[in-house]
>>> print(open('data01.pdb').read())   # PDB, C-alpha atoms
ATOM      1  CA  MET A   1     -74.153 213.099   5.048  1.00  0.00           C
ATOM      2  CA  LYS A   2     -76.301 209.989   5.158  1.00  0.00           C
ATOM      3  CA  LEU A   3     -80.000 210.445   5.937  1.00  0.00           C
ATOM      4  CA  LEU A   4     -82.239 207.531   6.918  1.00  0.00           C
ATOM      5  CA  TYR A   5     -86.038 207.437   6.992  1.00  0.00           C
ATOM      6  CA  PHE A   6     -88.291 204.927   8.720  1.00  0.00           C
ATOM      7  CA  ALA A   7     -91.961 203.905   8.795  1.00  0.00           C
ATOM      8  CA  TRP A   8     -94.333 206.517   7.332  1.00  0.00           C
ATOM      9  CA  VAL A   9     -91.568 209.080   6.978  1.00  0.00           C
ATOM     10  CA  ARG A  10     -89.843 206.594   4.628  1.00  0.00           C
ATOM     11  CA  GLU A  11     -93.102 205.884   2.784  1.00  0.00           C
ATOM     12  CA  ARG A  12     -93.935 209.547   2.278  1.00  0.00           C
ATOM     13  CA  ILE A  13     -90.453 210.445   1.023  1.00  0.00           C
ATOM     14  CA  GLY A  14     -90.361 207.319  -1.105  1.00  0.00           C
ATOM     15  CA  LYS A  15     -86.886 206.081  -0.162  1.00  0.00           C
ATOM     16  CA  PRO A  16     -85.222 204.529   2.879  1.00  0.00           C
ATOM     17  CA  GLN A  17     -82.002 206.558   2.698  1.00  0.00           C
ATOM     18  CA  GLU A  18     -79.985 209.062   0.704  1.00  0.00           C
ATOM     19  CA  ASP A  19     -76.752 211.011   0.783  1.00  0.00           C
ATOM     20  CA  VAL A  20     -77.078 214.795   0.821  1.00  0.00           C
ATOM     21  CA  GLU A  21     -74.758 217.787   0.749  1.00  0.00           C
ATOM     22  CA  LEU A  22     -76.001 220.264   3.309  1.00  0.00           C
ATOM     23  CA  PRO A  23     -75.905 223.930   2.363  1.00  0.00           C
ATOM     24  CA  ALA A  24     -74.278 226.402   4.740  1.00  0.00           C
ATOM     25  CA  GLY A  25     -76.442 227.743   7.553  1.00  0.00           C
ATOM     26  CA  ILE A  26     -77.943 224.453   8.683  1.00  0.00           C
ATOM     27  CA  SER A  27     -76.719 223.933  12.209  1.00  0.00           C
ATOM     28  CA  THR A  28     -79.430 222.006  14.055  1.00  0.00           C
ATOM     29  CA  VAL A  29     -81.655 218.993  13.462  1.00  0.00           C
ATOM     30  CA  GLY A  30     -84.622 221.386  13.293  1.00  0.00           C
ATOM     31  CA  ASP A  31     -82.868 223.443  10.581  1.00  0.00           C
ATOM     32  CA  LEU A  32     -82.305 220.239   8.618  1.00  0.00           C
ATOM     33  CA  MET A  33     -85.990 219.266   8.849  1.00  0.00           C
ATOM     34  CA  ALA A  34     -87.046 222.729   7.642  1.00  0.00           C
ATOM     35  CA  TRP A  35     -84.606 222.481   4.709  1.00  0.00           C
ATOM     36  CA  LEU A  36     -85.743 218.952   3.799  1.00  0.00           C
ATOM     37  CA  ALA A  37     -89.414 220.019   3.891  1.00  0.00           C
ATOM     38  CA  LYS A  38     -88.670 222.399   0.998  1.00  0.00           C
ATOM     39  CA  ARG A  39     -87.125 219.754  -1.257  1.00  0.00           C
ATOM     40  CA  GLY A  40     -90.439 218.689  -2.844  1.00  0.00           C
ATOM     41  CA  ASP A  41     -94.008 217.651  -2.208  1.00  0.00           C
ATOM     42  CA  GLU A  42     -93.039 214.253  -0.812  1.00  0.00           C
ATOM     43  CA  TYR A  43     -90.697 215.879   1.722  1.00  0.00           C
ATOM     44  CA  ALA A  44     -93.250 218.564   2.555  1.00  0.00           C
ATOM     45  CA  HIS A  45     -95.756 215.782   3.269  1.00  0.00           C
ATOM     46  CA  ALA A  46     -93.305 213.839   5.457  1.00  0.00           C
ATOM     47  CA  PHE A  47     -92.316 216.906   7.479  1.00  0.00           C
ATOM     48  CA  GLU A  48     -95.696 218.691   7.474  1.00  0.00           C
ATOM     49  CA  ASN A  49     -95.866 218.384  11.257  1.00  0.00           C
ATOM     50  CA  PRO A  50     -92.227 218.488  12.414  1.00  0.00           C
ATOM     51  CA  ARG A  51     -93.281 218.330  16.068  1.00  0.00           C
ATOM     52  CA  VAL A  52     -94.215 214.668  15.704  1.00  0.00           C
ATOM     53  CA  ILE A  53     -91.005 213.671  13.899  1.00  0.00           C
ATOM     54  CA  ARG A  54     -88.278 212.067  16.012  1.00  0.00           C
ATOM     55  CA  ALA A  55     -84.602 212.172  15.075  1.00  0.00           C
ATOM     56  CA  ALA A  56     -81.396 210.327  15.866  1.00  0.00           C
ATOM     57  CA  ILE A  57     -77.808 211.352  15.197  1.00  0.00           C
ATOM     58  CA  ASP A  58     -75.404 208.452  14.808  1.00  0.00           C
ATOM     59  CA  ARG A  59     -77.974 206.112  16.380  1.00  0.00           C
ATOM     60  CA  THR A  60     -78.718 208.193  19.484  1.00  0.00           C
ATOM     61  CA  HIS A  61     -81.995 210.063  20.078  1.00  0.00           C
ATOM     62  CA  VAL A  62     -81.684 213.840  19.728  1.00  0.00           C
ATOM     63  CA  ARG A  63     -83.937 216.894  19.954  1.00  0.00           C
ATOM     64  CA  PRO A  64     -84.643 219.432  17.181  1.00  0.00           C
ATOM     65  CA  GLU A  65     -82.351 221.957  18.852  1.00  0.00           C
ATOM     66  CA  THR A  66     -79.402 219.535  18.843  1.00  0.00           C
ATOM     67  CA  ALA A  67     -76.435 220.722  16.759  1.00  0.00           C
ATOM     68  CA  ILE A  68     -75.609 218.511  13.793  1.00  0.00           C
ATOM     69  CA  GLY A  69     -71.860 218.968  14.284  1.00  0.00           C
ATOM     70  CA  GLY A  70     -69.874 216.157  12.717  1.00  0.00           C
ATOM     71  CA  ALA A  71     -72.815 213.757  12.351  1.00  0.00           C
ATOM     72  CA  ARG A  72     -72.296 210.895   9.900  1.00  0.00           C
ATOM     73  CA  GLU A  73     -75.852 209.537   9.934  1.00  0.00           C
ATOM     74  CA  ILE A  74     -79.109 211.312  10.780  1.00  0.00           C
ATOM     75  CA  ALA A  75     -82.393 209.397  10.932  1.00  0.00           C
ATOM     76  CA  PHE A  76     -85.962 210.722  10.927  1.00  0.00           C
ATOM     77  CA  PHE A  77     -88.930 208.640  12.028  1.00  0.00           C
ATOM     78  CA  PRO A  78     -92.352 208.766  13.717  1.00  0.00           C
ATOM     79  CA  PRO A  79     -92.817 208.167  17.455  1.00  0.00           C
ATOM     80  CA  MET A  80     -91.822 204.586  18.208  1.00  0.00           C
ATOM     81  CA  THR A  81     -94.304 201.759  18.671  1.00  0.00           C
ATOM     82  CA  GLY A  82     -92.216 198.718  19.553  1.00  0.00           C
ATOM     83  CA  GLY A  83     -92.522 196.338  22.465  1.00  0.00           C
TER      84      GLY A  83
ATOM     85  CA  MET B   1     -73.845 190.324  34.503  1.00  0.00           C
ATOM     86  CA  PRO B   2     -74.725 188.297  31.409  1.00  0.00           C
ATOM     87  CA  ALA B   3     -76.920 190.293  29.044  1.00  0.00           C
ATOM     88  CA  THR B   4     -78.332 188.796  25.875  1.00  0.00           C
ATOM     89  CA  ILE B   5     -79.852 191.171  23.311  1.00  0.00           C
ATOM     90  CA  ARG B   6     -81.182 189.754  20.076  1.00  0.00           C
ATOM     91  CA  LEU B   7     -83.239 191.079  17.198  1.00  0.00           C
ATOM     92  CA  GLN B   8     -84.639 188.380  14.976  1.00  0.00           C
ATOM     93  CA  ARG B   9     -87.283 187.570  12.438  1.00  0.00           C
ATOM     94  CA  GLU B  10     -88.020 184.105  13.858  1.00  0.00           C
ATOM     95  CA  PRO B  11     -90.246 183.324  16.851  1.00  0.00           C
ATOM     96  CA  PHE B  12     -88.557 182.579  20.186  1.00  0.00           C
ATOM     97  CA  ASP B  13     -89.174 180.058  22.949  1.00  0.00           C
ATOM     98  CA  ALA B  14     -89.572 181.945  26.237  1.00  0.00           C
ATOM     99  CA  ALA B  15     -89.173 178.809  28.363  1.00  0.00           C
ATOM    100  CA  ALA B  16     -85.962 177.799  26.569  1.00  0.00           C
ATOM    101  CA  GLU B  17     -84.572 181.329  26.965  1.00  0.00           C
ATOM    102  CA  THR B  18     -85.371 181.311  30.690  1.00  0.00           C
ATOM    103  CA  ALA B  19     -83.693 177.913  31.073  1.00  0.00           C
ATOM    104  CA  ALA B  20     -80.607 179.216  29.243  1.00  0.00           C
ATOM    105  CA  LEU B  21     -80.432 182.278  31.510  1.00  0.00           C
ATOM    106  CA  THR B  22     -80.715 180.331  34.768  1.00  0.00           C
ATOM    107  CA  ARG B  23     -78.806 177.144  33.856  1.00  0.00           C
ATOM    108  CA  GLY B  24     -76.169 176.307  36.454  1.00  0.00           C
ATOM    109  CA  ARG B  25     -77.025 179.365  38.582  1.00  0.00           C
ATOM    110  CA  THR B  26     -77.977 178.938  42.224  1.00  0.00           C
ATOM    111  CA  ASP B  27     -77.728 182.643  43.083  1.00  0.00           C
ATOM    112  CA  MET B  28     -80.802 183.631  41.069  1.00  0.00           C
ATOM    113  CA  GLY B  29     -83.782 183.636  43.364  1.00  0.00           C
ATOM    114  CA  ALA B  30     -86.148 185.286  40.892  1.00  0.00           C
ATOM    115  CA  VAL B  31     -86.634 185.516  37.150  1.00  0.00           C
ATOM    116  CA  VAL B  32     -89.387 187.721  35.763  1.00  0.00           C
ATOM    117  CA  ALA B  33     -90.356 186.856  32.191  1.00  0.00           C
ATOM    118  CA  PHE B  34     -92.490 189.201  30.117  1.00  0.00           C
ATOM    119  CA  THR B  35     -93.689 188.133  26.674  1.00  0.00           C
ATOM    120  CA  GLY B  36     -95.538 190.584  24.427  1.00  0.00           C
ATOM    121  CA  ILE B  37     -97.922 188.770  22.068  1.00  0.00           C
ATOM    122  CA  CYS B  38     -99.643 189.895  18.869  1.00  0.00           C
ATOM    123  CA  ARG B  39    -103.369 190.309  19.601  1.00  0.00           C
ATOM    124  CA  GLY B  40    -105.939 189.004  17.127  1.00  0.00           C
ATOM    125  CA  ALA B  41    -108.162 192.079  17.347  1.00  0.00           C
ATOM    126  CA  GLU B  42    -107.932 195.760  18.186  1.00  0.00           C
ATOM    127  CA  ASP B  43    -111.046 197.692  19.228  1.00  0.00           C
ATOM    128  CA  GLY B  44    -113.190 194.816  17.946  1.00  0.00           C
ATOM    129  CA  ALA B  45    -111.563 194.755  14.478  1.00  0.00           C
ATOM    130  CA  PRO B  46    -109.769 191.492  13.571  1.00  0.00           C
ATOM    131  CA  ILE B  47    -106.049 191.866  12.879  1.00  0.00           C
ATOM    132  CA  ALA B  48    -104.492 189.767  10.087  1.00  0.00           C
ATOM    133  CA  ALA B  49    -100.897 190.484  11.168  1.00  0.00           C
ATOM    134  CA  LEU B  50     -98.447 193.049  12.480  1.00  0.00           C
ATOM    135  CA  THR B  51     -95.313 193.987  10.569  1.00  0.00           C
ATOM    136  CA  LEU B  52     -92.475 195.488  12.592  1.00  0.00           C
ATOM    137  CA  GLU B  53     -89.885 197.748  11.024  1.00  0.00           C
ATOM    138  CA  HIS B  54     -86.746 198.625  12.960  1.00  0.00           C
ATOM    139  CA  TYR B  55     -83.596 200.720  12.692  1.00  0.00           C
ATOM    140  CA  PRO B  56     -80.802 198.133  12.509  1.00  0.00           C
ATOM    141  CA  GLY B  57     -77.831 199.115  14.641  1.00  0.00           C
ATOM    142  CA  MET B  58     -79.696 201.748  16.649  1.00  0.00           C
ATOM    143  CA  ALA B  59     -82.289 199.282  17.970  1.00  0.00           C
ATOM    144  CA  GLU B  60     -79.592 197.060  19.486  1.00  0.00           C
ATOM    145  CA  ALA B  61     -77.676 200.084  20.820  1.00  0.00           C
ATOM    146  CA  GLU B  62     -80.773 201.639  22.390  1.00  0.00           C
ATOM    147  CA  ILE B  63     -81.780 198.376  24.076  1.00  0.00           C
ATOM    148  CA  ALA B  64     -78.206 197.929  25.344  1.00  0.00           C
ATOM    149  CA  ARG B  65     -78.242 201.457  26.843  1.00  0.00           C
ATOM    150  CA  HIS B  66     -81.442 200.654  28.742  1.00  0.00           C
ATOM    151  CA  VAL B  67     -80.144 197.273  29.910  1.00  0.00           C
ATOM    152  CA  GLU B  68     -77.095 199.108  31.286  1.00  0.00           C
ATOM    153  CA  GLU B  69     -79.331 201.611  33.039  1.00  0.00           C
ATOM    154  CA  ALA B  70     -81.444 198.800  34.512  1.00  0.00           C
ATOM    155  CA  GLN B  71     -78.237 197.194  35.767  1.00  0.00           C
ATOM    156  CA  SER B  72     -77.195 200.422  37.474  1.00  0.00           C
ATOM    157  CA  ARG B  73     -80.588 200.800  39.173  1.00  0.00           C
ATOM    158  CA  TRP B  74     -81.309 197.282  40.354  1.00  0.00           C
ATOM    159  CA  ALA B  75     -79.255 194.303  41.565  1.00  0.00           C
ATOM    160  CA  LEU B  76     -79.580 192.161  38.465  1.00  0.00           C
ATOM    161  CA  LEU B  77     -77.873 188.834  37.834  1.00  0.00           C
ATOM    162  CA  GLY B  78     -78.918 188.420  34.203  1.00  0.00           C
ATOM    163  CA  VAL B  79     -81.031 190.042  31.490  1.00  0.00           C
ATOM    164  CA  THR B  80     -82.329 188.790  28.151  1.00  0.00           C
ATOM    165  CA  VAL B  81     -84.130 190.979  25.623  1.00  0.00           C
ATOM    166  CA  ILE B  82     -85.353 189.505  22.326  1.00  0.00           C
ATOM    167  CA  HIS B  83     -87.337 191.673  19.918  1.00  0.00           C
ATOM    168  CA  ARG B  84     -88.744 190.376  16.650  1.00  0.00           C
ATOM    169  CA  PHE B  85     -89.157 192.259  13.396  1.00  0.00           C
ATOM    170  CA  GLY B  86     -90.953 191.438  10.146  1.00  0.00           C
ATOM    171  CA  ARG B  87     -94.434 189.967   9.857  1.00  0.00           C
ATOM    172  CA  ILE B  88     -95.970 188.564  13.037  1.00  0.00           C
ATOM    173  CA  ALA B  89     -99.292 186.705  13.127  1.00  0.00           C
ATOM    174  CA  PRO B  90    -101.853 186.899  15.973  1.00  0.00           C
ATOM    175  CA  GLY B  91    -100.866 184.632  18.852  1.00  0.00           C
ATOM    176  CA  GLU B  92     -97.161 184.819  18.035  1.00  0.00           C
ATOM    177  CA  PRO B  93     -94.685 186.408  20.451  1.00  0.00           C
ATOM    178  CA  ILE B  94     -93.222 189.839  19.612  1.00  0.00           C
ATOM    179  CA  VAL B  95     -90.893 190.657  22.478  1.00  0.00           C
ATOM    180  CA  LEU B  96     -89.301 188.890  25.442  1.00  0.00           C
ATOM    181  CA  VAL B  97     -87.752 190.500  28.518  1.00  0.00           C
ATOM    182  CA  LEU B  98     -86.167 188.330  31.209  1.00  0.00           C
ATOM    183  CA  ALA B  99     -84.771 189.906  34.368  1.00  0.00           C
ATOM    184  CA  ALA B 100     -83.020 187.744  36.954  1.00  0.00           C
ATOM    185  CA  SER B 101     -82.101 188.771  40.475  1.00  0.00           C
ATOM    186  CA  SER B 102     -81.626 187.309  43.938  1.00  0.00           C
ATOM    187  CA  HIS B 103     -85.048 188.599  44.967  1.00  0.00           C
ATOM    188  CA  ARG B 104     -88.283 189.349  43.175  1.00  0.00           C
ATOM    189  CA  HIS B 105     -88.481 193.099  43.718  1.00  0.00           C
ATOM    190  CA  ASP B 106     -85.513 193.996  41.535  1.00  0.00           C
ATOM    191  CA  ALA B 107     -86.492 191.455  38.859  1.00  0.00           C
ATOM    192  CA  PHE B 108     -90.069 192.786  38.604  1.00  0.00           C
ATOM    193  CA  ALA B 109     -88.967 196.422  38.573  1.00  0.00           C
ATOM    194  CA  ALA B 110     -86.229 195.915  35.967  1.00  0.00           C
ATOM    195  CA  ALA B 111     -88.509 193.939  33.634  1.00  0.00           C
ATOM    196  CA  GLU B 112     -91.187 196.635  33.799  1.00  0.00           C
ATOM    197  CA  PHE B 113     -88.636 199.421  33.319  1.00  0.00           C
ATOM    198  CA  LEU B 114     -87.179 197.678  30.262  1.00  0.00           C
ATOM    199  CA  MET B 115     -90.596 197.104  28.690  1.00  0.00           C
ATOM    200  CA  ASP B 116     -91.662 200.706  29.275  1.00  0.00           C
ATOM    201  CA  TYR B 117     -88.475 201.950  27.587  1.00  0.00           C
ATOM    202  CA  LEU B 118     -88.717 199.464  24.733  1.00  0.00           C
ATOM    203  CA  LYS B 119     -92.216 200.676  23.895  1.00  0.00           C
ATOM    204  CA  ALA B 120     -91.390 204.373  23.925  1.00  0.00           C
ATOM    205  CA  ARG B 121     -87.698 204.622  22.979  1.00  0.00           C
ATOM    206  CA  ALA B 122     -86.529 201.582  21.012  1.00  0.00           C
ATOM    207  CA  PRO B 123     -86.678 202.331  17.257  1.00  0.00           C
ATOM    208  CA  PHE B 124     -89.384 199.912  16.152  1.00  0.00           C
ATOM    209  CA  TRP B 125     -92.581 200.744  14.278  1.00  0.00           C
ATOM    210  CA  LYS B 126     -95.668 198.558  14.020  1.00  0.00           C
ATOM    211  CA  GLN B 127     -97.805 198.377  10.945  1.00  0.00           C
ATOM    212  CA  VAL B 128    -101.158 196.627  11.343  1.00  0.00           C
ATOM    213  CA  GLU B 129    -103.070 194.718   8.656  1.00  0.00           C
ATOM    214  CA  VAL B 130    -106.824 194.970   9.109  1.00  0.00           C
ATOM    215  CA  ALA B 131    -109.197 193.710   6.391  1.00  0.00           C
ATOM    216  CA  GLY B 132    -106.563 193.898   3.676  1.00  0.00           C
ATOM    217  CA  ALA B 133    -105.513 197.471   4.473  1.00  0.00           C
ATOM    218  CA  THR B 134    -102.325 198.394   6.320  1.00  0.00           C
ATOM    219  CA  SER B 135    -101.791 201.352   8.625  1.00  0.00           C
ATOM    220  CA  TRP B 136     -99.092 202.496  11.029  1.00  0.00           C
ATOM    221  CA  VAL B 137     -99.886 202.063  14.703  1.00  0.00           C
ATOM    222  CA  GLU B 138     -99.937 205.436  16.463  1.00  0.00           C
ATOM    223  CA  ALA B 139     -97.802 205.904  19.551  1.00  0.00           C
ATOM    224  CA  LYS B 140     -99.783 206.106  22.769  1.00  0.00           C
ATOM    225  CA  GLN B 141     -99.439 209.074  25.103  1.00  0.00           C
ATOM    226  CA  SER B 142     -99.639 206.568  27.944  1.00  0.00           C
ATOM    227  CA  ASP B 143     -96.396 204.943  26.733  1.00  0.00           C
ATOM    228  CA  ASP B 144     -94.535 208.232  27.179  1.00  0.00           C
ATOM    229  CA  GLY B 145     -96.166 208.585  30.590  1.00  0.00           C
ATOM    230  CA  ALA B 146     -94.961 205.101  31.519  1.00  0.00           C
ATOM    231  CA  VAL B 147     -91.388 206.188  30.786  1.00  0.00           C
ATOM    232  CA  GLU B 148     -91.706 209.468  32.722  1.00  0.00           C
ATOM    233  CA  ARG B 149     -92.405 207.729  36.015  1.00  0.00           C
ATOM    234  CA  TRP B 150     -88.978 206.027  35.896  1.00  0.00           C
ATOM    235  CA  ARG B 151     -87.234 209.398  35.939  1.00  0.00           C
ATOM    236  CA  GLU B 152     -87.713 209.412  39.715  1.00  0.00           C
ATOM    237  CA  PRO B 153     -84.838 207.568  41.389  1.00  0.00           C
ATOM    238  CA  ALA B 154     -85.866 204.013  42.159  1.00  0.00           C
ATOM    239  CA  PRO B 155     -86.793 203.470  45.801  1.00  0.00           C
ATOM    240  CA  GLY B 156     -84.341 201.190  47.560  1.00  0.00           C
ATOM    241  CA  ARG B 157     -81.761 201.751  44.847  1.00  0.00           C
ATOM    242  CA  ARG B 158     -78.804 199.475  45.241  1.00  0.00           C
ATOM    243  CA  ASP B 159     -75.516 199.047  43.528  1.00  0.00           C
ATOM    244  CA  ALA B 160     -75.533 196.166  41.060  1.00  0.00           C
ATOM    245  CA  ALA B 161     -72.098 195.065  42.252  1.00  0.00           C
ATOM    246  CA  GLU B 162     -73.247 194.528  45.858  1.00  0.00           C
TER     247      GLU B 162
END
>>> encode(input="data01.pdb", output="structure tokens")
Amino acid sequence: MKLLYFAWVRERIGKPQEDVELPAGISTVGDLMAWLAKRGDEYAHAFENPRVIRAAIDRTHVRPETAIGGAREIAFFPPMTGG
Amino acid sequence: MPATIRLQREPFDAAAETAALTRGRTDMGAVVAFTGICRGAEDGAPIAALTLEHYPGMAEAEIARHVEEAQSRWALLGVTVIHRFGRIAPGEPIVLVLAASSHRHDAFAAAEFLMDYLKARAPFWKQVEVAGATSWVEAKQSDDGAVERWREPAPGRRDAAE
């Protein structure tokens, strides 16, 4: 599965994207964030306050409780500040 | 309804975009044009530049979804949304929303709706350069509040095909 990171989430993790194999038992976006947070200090820093992190599955906004299902691309980013 | 959605690094010309939207049309009685501009200072501190990051693919899709929703809520005859990314200097334009309708009410409402959604839901992130240091702009609670008020059905809702 392809993961994308933007803005300070990208900076903290140190890369804009990566491909990962998800272990069994990860069914929601929130589960994925909790798993990522344990992958190292940089991930722990990025996901230290998961409540502020926004996510999108296949380019559509989703909530932490959303099931990952057959997602091809999941993105994590801070609250948006466009316009 | 013609809808133009563009993401670009280059500046845009709001007057030329408005002329392109209305050219040859005699049914448009109102065009509301909103341009967001990079300020030169924030809370008294001079800003050297803003740099906008975006999520290519999702940004266009998210704007298109909100243009479609605007179309379903108001009687629009044309919409243009242009959002820049990359480095933007003070005084330069960042975003353009044009909403055309037969009458002003729908054009004003749609332009405001689109801007409120762009600020809170379109995947763009601003980084600000102040005195040689860069920092990410924090999202404002008031931007989420601005989106919430549109959850009420629009008064005088009409079908876009009328």
>>> atom_distance(input="data01.pdb", atom1="atom CA of His103 of chain B", atom2="atom CA of Leu77 of chain B")
10.1 Å
>>> closest_atom_pairs(input="data01.pdb", of="chain A", to="chain B", cutoff="12 Å", atoms="only C-alpha atoms", output="JSON lines")
{"residue": "A:Leu4", "atom": "CA", "partner": "B:Tyr55", "partner_atom": "CA", "distance": 9.0}
{"residue": "A:Tyr5", "atom": "CA", "partner": "B:Tyr55", "partner_atom": "CA", "distance": 9.1}
{"residue": "A:Phe6", "atom": "CA", "partner": "B:Tyr55", "partner_atom": "CA", "distance": 7.5}
{"residue": "A:Ala7", "atom": "CA", "partner": "B:Trp125", "partner_atom": "CA", "distance": 6.4}
{"residue": "A:Trp8", "atom": "CA", "partner": "B:Trp136", "partner_atom": "CA", "distance": 7.2}
{"residue": "A:Val9", "atom": "CA", "partner": "B:Trp136", "partner_atom": "CA", "distance": 10.8}
{"residue": "A:Arg10", "atom": "CA", "partner": "B:Glu53", "partner_atom": "CA", "distance": 10.9}
{"residue": "A:Glu11", "atom": "CA", "partner": "B:Trp136", "partner_atom": "CA", "distance": 10.7}
{"residue": "A:Pro16", "atom": "CA", "partner": "B:Tyr55", "partner_atom": "CA", "distance": 10.7}
{"residue": "A:Gln17", "atom": "CA", "partner": "B:Tyr55", "partner_atom": "CA", "distance": 11.7}
{"residue": "A:Val52", "atom": "CA", "partner": "B:Ala139", "partner_atom": "CA", "distance": 10.2}
{"residue": "A:Ile53", "atom": "CA", "partner": "B:Ala139", "partner_atom": "CA", "distance": 11.8}
{"residue": "A:Arg54", "atom": "CA", "partner": "B:Pro123", "partner_atom": "CA", "distance": 9.9}
{"residue": "A:Ala55", "atom": "CA", "partner": "B:Pro123", "partner_atom": "CA", "distance": 10.3}
{"residue": "A:Ala56", "atom": "CA", "partner": "B:Met58", "partner_atom": "CA", "distance": 8.8}
{"residue": "A:Ile57", "atom": "CA", "partner": "B:Met58", "partner_atom": "CA", "distance": 9.9}
{"residue": "A:Asp58", "atom": "CA", "partner": "B:Met58", "partner_atom": "CA", "distance": 8.2}
{"residue": "A:Arg59", "atom": "CA", "partner": "B:Met58", "partner_atom": "CA", "distance": 4.7}
{"residue": "A:Thr60", "atom": "CA", "partner": "B:Met58", "partner_atom": "CA", "distance": 7.1}
{"residue": "A:His61", "atom": "CA", "partner": "B:Arg121", "partner_atom": "CA", "distance": 8.4}
{"residue": "A:Val62", "atom": "CA", "partner": "B:Arg121", "partner_atom": "CA", "distance": 11.5}
{"residue": "A:Glu73", "atom": "CA", "partner": "B:Met58", "partner_atom": "CA", "distance": 11.0}
{"residue": "A:Ile74", "atom": "CA", "partner": "B:Met58", "partner_atom": "CA", "distance": 11.2}
{"residue": "A:Ala75", "atom": "CA", "partner": "B:Tyr55", "partner_atom": "CA", "distance": 8.9}
{"residue": "A:Phe76", "atom": "CA", "partner": "B:Tyr55", "partner_atom": "CA", "distance": 10.4}
{"residue": "A:Phe77", "atom": "CA", "partner": "B:Pro123", "partner_atom": "CA", "distance": 8.5}
{"residue": "A:Pro78", "atom": "CA", "partner": "B:Trp125", "partner_atom": "CA", "distance": 8.0}
{"residue": "A:Pro79", "atom": "CA", "partner": "B:Ala139", "partner_atom": "CA", "distance": 5.9}
{"residue": "A:Met80", "atom": "CA", "partner": "B:Trp125", "partner_atom": "CA", "distance": 5.5}
{"residue": "A:Thr81", "atom": "CA", "partner": "B:Trp125", "partner_atom": "CA", "distance": 4.8}
{"residue": "A:Gly82", "atom": "CA", "partner": "B:Phe124", "partner_atom": "CA", "distance": 4.6}
{"residue": "A:Gly83", "atom": "CA", "partner": "B:Lys119", "partner_atom": "CA", "distance": 4.6}
>>> atom_distance(input="data01.pdb", atom1="atom CA of Ala111 of chain B", atom2="atom CA of Val31 of chain B")
9.3 Å
>>> atom_distance(input="data01.pdb", atom1="atom CA of Gly132 of chain B", atom2="atom CA of Asp13 of chain B")
29.4 Å
>>> residues_around(input="data01.pdb", residues="Glu21 of chain A", least_positions_apart="5", cutoff="12 Å", atoms="all atoms listed in the file", output="PyMOL selection string")
chain A and resi 1-3+26+32+35-36+72
>>> residues_near_point(input="data01.pdb", point="(-91.7, 224.3, 7.4)", cutoff="8 Å", atoms="all atoms listed in the file", output="list in words")
Met33, Ala34, Trp35, Ala37, Lys38, Ala44, Phe47, Glu48 and Pro50 of chain A
>>> resolve_selection(input="data01.pdb", expression="the PyMOL selection byres ((chain B and resi 47) around 8)", output="count of residues only")
14
>>> residues_around(input="data01.pdb", residues="Thr80 of chain B", least_positions_apart="3", cutoff="10 Å", atoms="only C-alpha atoms", output="PyMOL selection string")
chain B and resi 2-6+17-18+20-21+33+67+96-100+111
>>> closest_residue(input="data01.pdb", among="B:Ala16, B:Ile88, B:Ala70, B:Ala146", to="Phe108 of chain B", atoms="only C-alpha atoms")
B:Ala70
>>> closest_residue(input="data01.pdb", among="A:Arg51, A:Gly69, A:Pro64, A:His45", to="Asp31 of chain A", atoms="only C-alpha atoms")
A:Pro64
>>> closest_residue(input="data01.pdb", among="A:Asn49, A:Glu42, A:Thr28, A:Leu22", to="Thr66 of chain A", atoms="all atoms listed in the file")
A:Thr28
